[in-house]
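S.K.: Below are the structure tokens for one structure; questions will follow.
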Amino acid sequence: MSTKNQFGKRGWTPDRIESLRGKTFLITGATSGTGLEASRILLSKGAKVVMLNRNPIKSESVIANLKQELGHHVDVSFIRMDLGDQASVRAAAEEVLGKVKHIDALMCNGAIAQVPKQVFTVDGFESQLGVNHYGHFTLQALLFPRIEKSKGRIVVVGSEGYKMGIKTIQFEDMNWDQNYSANGVYSQSKLAQIMTVYELQDRLKKAGKTDVKVYACHPGASSTSLIKTSGSLATRFVWQLMKLSPMVQSAEKGSYPELMCATEDNLDQAGFYGPTGRNYWTGPVGECKLEPHAKDKAVAEKLWAVSEAATGLKWSV
């Protein structure tokens, strides 16, 4: 579907990553799926990886397995963080700032999807918007000074689902009290994440802060536990069948777009990156078409103001 791929017919692959020794990457939601695969590849290239995960027991198990597989010398650790709890995000960010002196990339990978019934976070946000958008919005804001000092990157993992909903932000009812739908709200949360990337780019340019690069990408249709974790029984059943088909790729390949955005030199920030095959579900990784509504400036500016008010946090940009 893509009209161009600067990386050739095979697209971008981790073979392009040289030694990452001395570089540090933070990844949210790294105990499974694309986050785990991205961690594995970064560690194999010599990077330091700090996982930001909700489940300590699962985190310890994953880290033990990675060390057994890659060697006990690999530098991998975790900090507990629940994206659905603003206090937890703030506490985790404070711990990161105390322990991590340099951030080459913050990879906003964690998410929930297709929650069948309206559920609220402890802060009163609809859960998908609260976890996917507000949680990452706060984390990025709090870690931005350290990322800027490091001349690092912010990588936001969106979804092609951004174009499957109402194609704007429902400001009059952000919690979807009147018309809740699992897919509609998921689409909204991913659209919000993506819009924030390009709005942040504009704000950084206006402020003359060109040392930080910000990217948006998507994993395509990847065989992860995302739907299994939060989707309805029917959605999980359909997804299990789809995972057996050629329409779905491995979680490892699903991690390639965020790895590319975190490591590739001279990548255009204006792009939206992911698999470029049919429906952008699978295929060589490169630049994908981004629908115009994802860069609606008026909506993006309002979303930014609403997000700052909701989280009680003003960005230092």
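Residue numbering restarts at 1 in every chain; chains get A, B, ... in the order shown in the structure tokens, and ligands count up from 1 in that same order.
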So that I can see what lies close to Trp315 of chain A, please list as a PyMOL selection string the residues with an atom at most 12 Å from it, counting only C-alpha atoms and leaving out residues fewer than 6 positions away in the same chain.

M.R.: chain A and resi 137-145+200+203-204+304-305+307-309

S.K.: If you keep C-alpha atoms, can you produce a file of those selected residues as a PDB file, in the first residue's frame?

M.R.:
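Okay, this is what ended up in out_15.pdb:
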```pdb
ATOM      1  CA  PHE A 137       1.024  11.807  28.148  1.00  0.00           C
ATOM      2  CA  THR A 138       2.000  12.229  31.806  1.00  0.00           C
ATOM      3  CA  LEU A 139       5.021   9.951  31.502  1.00  0.00           C
ATOM      4  CA  GLN A 140       6.361  11.815  28.479  1.00  0.00           C
ATOM      5  CA  ALA A 141       5.864  15.183  30.156  1.00  0.00           C
ATOM      6  CA  LEU A 142       7.667  14.178  33.352  1.00  0.00           C
ATOM      7  CA  LEU A 143      10.588  12.512  31.573  1.00  0.00           C
ATOM      8  CA  PHE A 144      10.913  15.127  28.838  1.00  0.00           C
ATOM      9  CA  PRO A 145      13.624  17.208  30.581  1.00  0.00           C
ATOM     10  CA  LEU A 200       4.531  17.885  20.243  1.00  0.00           C
ATOM     11  CA  ARG A 203       5.646  22.764  19.808  1.00  0.00           C
ATOM     12  CA  LEU A 204       9.276  21.682  19.865  1.00  0.00           C
ATOM     13  CA  TRP A 304      -3.321  19.044  24.236  1.00  0.00           C
ATOM     14  CA  ALA A 305      -5.105  21.595  26.442  1.00  0.00           C
ATOM     15  CA  SER A 307      -4.925  16.505  28.341  1.00  0.00           C
ATOM     16  CA  GLU A 308      -2.941  19.005  30.411  1.00  0.00           C
ATOM     17  CA  ALA A 309      -6.092  19.905  32.350  1.00  0.00           C
TER      18      ALA A 309
END
```

S.K.: Residues of segment 130-223 of chain A classed as alpha helix (DSSP H) by DSSP on the backbone are to be reported as number ranges by chain.

M.R.: A: 136-149, 182-206

S.K.: If we count only C-alpha atoms and set the cut-off at 10 Å, which residues sit around Asp268 of chain A, ignoring sequence neighbours fewer than 4 positions away in its own chain? Please answer as a list in words.

M.R.: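 Answer for this query is Lys213, Val214, Tyr215, Cys261, Glu264, Phe272, Tyr273 and Glu287 of chain A.
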
S.K.: Restricted to N, CA and C atoms, what would the selected residues look like written as a CSV table (one decimal), in the first residue's frame?

M.R.:
```
chain,number,residue,atom,x,y,z
A,213,LYS,N,13.7,14.1,19.2
A,213,LYS,CA,12.9,13.6,18.0
A,213,LYS,C,11.8,12.8,18.6
A,214,VAL,N,10.6,13.0,17.9
A,214,VAL,CA,9.4,12.3,18.3
A,214,VAL,C,8.8,11.6,17.1
A,215,TYR,N,8.4,10.3,17.3
A,215,TYR,CA,8.0,9.5,16.2
A,215,TYR,C,6.7,8.8,16.6
A,261,CYS,N,12.1,3.4,14.8
A,261,CYS,CA,11.9,4.8,15.3
A,261,CYS,C,12.8,5.1,16.4
A,264,GLU,N,16.9,4.3,14.3
A,264,GLU,CA,17.4,4.6,12.9
A,264,GLU,C,17.8,6.1,12.8
A,272,PHE,N,4.7,8.3,9.4
A,272,PHE,CA,4.0,7.3,10.3
A,272,PHE,C,4.4,6.0,9.8
A,273,TYR,N,5.0,5.2,10.7
A,273,TYR,CA,5.8,4.0,10.3
A,273,TYR,C,5.1,2.7,10.7
A,287,GLU,N,7.3,3.6,5.6
A,287,GLU,CA,6.4,4.7,5.9
A,287,GLU,C,5.0,4.4,5.3
```

S.K.: If you count only C-alpha atoms, which residues fall within 8 Å of segment 42-47 of chain A, apart from same-chain ones fewer than 6 positions away, as a CSV table (one decimal) with C-alpha atoms, in the first residue's frame?

M.R.:
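The file below, selection-v1.csv, is the result:
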```
chain,number,residue,atom,x,y,z
A,17,ILE,CA,21.0,-1.7,14.1
A,18,GLU,CA,24.7,-1.5,15.0
A,19,SER,CA,26.1,-1.8,18.5
A,20,LEU,CA,23.9,0.0,21.1
A,21,ARG,CA,26.5,-0.3,23.9
A,22,GLY,CA,26.2,2.7,26.2
A,23,LYS,CA,22.6,3.5,25.1
A,24,THR,CA,19.5,3.3,27.4
A,25,PHE,CA,16.0,2.6,26.3
A,70,LEU,CA,21.1,-13.7,26.2
A,74,VAL,CA,22.7,-8.1,29.8
A,75,ASP,CA,21.6,-4.8,31.5
A,76,VAL,CA,17.9,-5.2,32.0
```

S.K.: Fewer than 5 positions away in the same chain doesn't count, so skip those; otherwise give me all residues within 9 Å of Ser255 of chain A, counting only C-alpha atoms, as a list in words.

M.R.: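 Residues meeting the cut-off are Gly33, Thr34, Gly35, Leu36, Glu37, Ala38, His218, Pro219, Ser222, Ser250 and Met260 of chain A.
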
S.K.: Just to be explicit: take each residue in the selection above, keep C-alpha atoms, and write the result as a CSV table (one decimal), in the first residue's frame.

M.R.:
```csv
chain,number,residue,atom,x,y,z
A,33,GLY,CA,4.3,-9.0,22.9
A,34,THR,CA,6.0,-6.3,20.9
A,35,GLY,CA,7.5,-4.7,24.1
A,36,LEU,CA,9.2,-7.9,25.1
A,37,GLU,CA,10.5,-8.6,21.6
A,38,ALA,CA,11.8,-5.0,21.3
A,218,HIS,CA,2.1,1.1,14.5
A,219,PRO,CA,2.8,-2.6,14.8
A,222,SER,CA,0.8,-8.8,15.4
A,250,SER,CA,4.7,-12.4,14.7
A,260,MET,CA,13.3,1.6,13.8
```

S.K.: Do you have the atom CA of Leu66 of chain A-atom CA of Thr31 of chain A distance handy?

M.R.: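 Separating atom CA of Leu66 of chain A from atom CA of Thr31 of chain A is a distance of 10.6 Å.
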
S.K.: Which neighbours of Ile63 of chain A fall inside 12 Å, counting only C-alpha atoms, when residues of the same chain fewer than 6 positions from it are skipped, and could you give them as a compact mmCIF listing (two decimals) with C-alpha atoms, in the first residue's frame?

M.R.:
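Saved to selection_32.txt:
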```
# COMPACT_ATOMS: atom_id res chain seq x y z
CA ALA A 30 7.49 -4.94 28.12
CA THR A 31 6.52 -8.26 29.73
CA SER A 32 4.97 -9.67 26.55
CA LEU A 36 9.18 -7.93 25.10
CA SER A 39 13.56 -5.47 24.64
CA ARG A 40 15.13 -8.74 23.50
CA LEU A 43 19.58 -6.19 24.66
CA VAL A 49 16.76 -1.63 28.85
CA VAL A 50 14.55 -0.36 31.64
CA MET A 51 11.07 -1.86 31.52
CA ASN A 53 5.64 -2.69 33.82
CA PRO A 56 6.43 -7.12 39.35
CA ILE A 57 6.24 -10.93 39.47
CA GLU A 69 18.66 -16.63 26.89
CA LEU A 70 21.07 -13.73 26.23
CA GLY A 71 23.52 -14.05 29.11
CA HIS A 72 23.57 -12.76 32.66
CA HIS A 73 25.64 -9.78 31.57
CA VAL A 74 22.69 -8.09 29.83
CA ASP A 75 21.61 -4.84 31.51
CA VAL A 76 17.86 -5.16 31.99
CA SER A 77 15.72 -4.01 34.90
CA PHE A 78 12.17 -2.89 35.62
CA ILE A 79 10.37 -0.16 37.48
```

S.K.: Identify all residues of segment 28-118 of chain A in strand (DSSP E) (DSSP on the backbone) and supply them as a PyMOL selection string.

M.R.: chain A and resi 28+48-53+75-80+105-108

S.K.: Please produce a file of the residues just selected, as an mmCIF file, in the first residue's frame, where the atoms kept are N, CA and C atoms.

M.R.:
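Below is the file that was written, selection02.cif:
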```
data_model
loop_
_atom_site.group_PDB
_atom_site.id
_atom_site.type_symbol
_atom_site.label_atom_id
_atom_site.label_comp_id
_atom_site.auth_asym_id
_atom_site.auth_seq_id
_atom_site.Cartn_x
_atom_site.Cartn_y
_atom_site.Cartn_z
ATOM 1 N N THR A 28 7.521 0.856 27.913
ATOM 2 C CA THR A 28 6.333 0.549 28.712
ATOM 3 C C THR A 28 5.699 -0.740 28.198
ATOM 4 N N LYS A 48 21.123 -0.970 27.210
ATOM 5 C CA LYS A 48 20.530 -1.078 28.545
ATOM 6 C C LYS A 48 19.032 -0.854 28.377
ATOM 7 N N VAL A 49 18.217 -1.733 28.961
ATOM 8 C CA VAL A 49 16.764 -1.632 28.847
ATOM 9 C C VAL A 49 16.145 -1.529 30.233
ATOM 10 N N VAL A 50 15.325 -0.513 30.409
ATOM 11 C CA VAL A 50 14.549 -0.364 31.642
ATOM 12 C C VAL A 50 13.081 -0.533 31.269
ATOM 13 N N MET A 51 12.478 -1.597 31.789
ATOM 14 C CA MET A 51 11.071 -1.865 31.518
ATOM 15 C C MET A 51 10.195 -1.131 32.527
ATOM 16 N N LEU A 52 9.102 -0.571 32.049
ATOM 17 C CA LEU A 52 8.116 0.064 32.928
ATOM 18 C C LEU A 52 6.855 -0.788 32.856
ATOM 19 N N ASN A 53 6.687 -1.660 33.844
ATOM 20 C CA ASN A 53 5.645 -2.688 33.816
ATOM 21 C C ASN A 53 4.747 -2.613 35.048
ATOM 22 N N ASP A 75 22.023 -5.878 30.554
ATOM 23 C CA ASP A 75 21.611 -4.842 31.510
ATOM 24 C C ASP A 75 20.127 -4.567 31.342
ATOM 25 N N VAL A 76 19.308 -5.317 32.076
ATOM 26 C CA VAL A 76 17.862 -5.158 31.986
ATOM 27 C C VAL A 76 17.278 -5.106 33.384
ATOM 28 N N SER A 77 16.365 -4.177 33.594
ATOM 29 C CA SER A 77 15.723 -4.012 34.900
ATOM 30 C C SER A 77 14.298 -3.530 34.672
ATOM 31 N N PHE A 78 13.527 -3.416 35.769
ATOM 32 C CA PHE A 78 12.175 -2.893 35.618
ATOM 33 C C PHE A 78 11.846 -1.961 36.771
ATOM 34 N N ILE A 79 10.943 -1.048 36.473
ATOM 35 C CA ILE A 79 10.365 -0.159 37.478
ATOM 36 C C ILE A 79 8.854 -0.351 37.396
ATOM 37 N N ARG A 80 8.217 -0.552 38.542
ATOM 38 C CA ARG A 80 6.780 -0.798 38.524
ATOM 39 C C ARG A 80 6.030 0.472 38.138
ATOM 40 N N ALA A 105 15.893 6.692 24.281
ATOM 41 C CA ALA A 105 14.532 6.641 23.739
ATOM 42 C C ALA A 105 13.557 6.152 24.793
ATOM 43 N N LEU A 106 12.439 6.851 24.890
ATOM 44 C CA LEU A 106 11.286 6.386 25.654
ATOM 45 C C LEU A 106 10.316 5.793 24.653
ATOM 46 N N MET A 107 10.047 4.498 24.783
ATOM 47 C CA MET A 107 9.186 3.791 23.835
ATOM 48 C C MET A 107 7.838 3.508 24.486
ATOM 49 N N CYS A 108 6.830 4.261 24.060
ATOM 50 C CA CYS A 108 5.493 4.172 24.653
ATOM 51 C C CYS A 108 4.727 3.047 23.973
#
```

S.K.: Using only C-alpha atoms, can you tell me which of A:Gln6, A:Ser88, A:Gln68, A:Ser127 comes closest to Thr276 of chain A?

M.R.: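 Smallest distance to Thr276 of chain A is found for A:Gln6.
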
S.K.: So which one's closest to Asp82 of chain A, A:Ile41, A:Ala192, A:Ala294, A:Val131? Using only C-alpha atoms, please.

M.R.: A:Val131

S.K.: Using only C-alpha atoms, pick whichever of A:Phe7, A:Gly286, A:Arg54, A:Leu83 has the shortest atom-to-atom distance to Phe125 of chain A.

M.R.: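 Looking at the shortest contact to Phe125 of chain A, the residue is A:Leu83.
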
S.K.: Between A:His102, A:Leu97, A:Leu267, A:Lys67, single out the one closest to Glu148 of chain A, counting only C-alpha atoms.

M.R.: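 Checking each of A:His102, A:Leu97, A:Leu267, A:Lys67 against Glu148 of chain A, counting only C-alpha atoms, the winner is A:His102.
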
S.K.: Have a look at A:Trp281, A:Gly208, A:Gln193, A:Arg146 and name the one nearest to Gly98 of chain A; count only C-alpha atoms.

M.R.: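 Using only C-alpha atoms, the shortest distance to Gly98 of chain A belongs to A:Arg146.
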
S.K.: Can you work out the spacing between atom CA of Lys101 of chain A and atom CA of Ile147 of chain A in Å, to one decimal?

M.R.: 9.5 Å
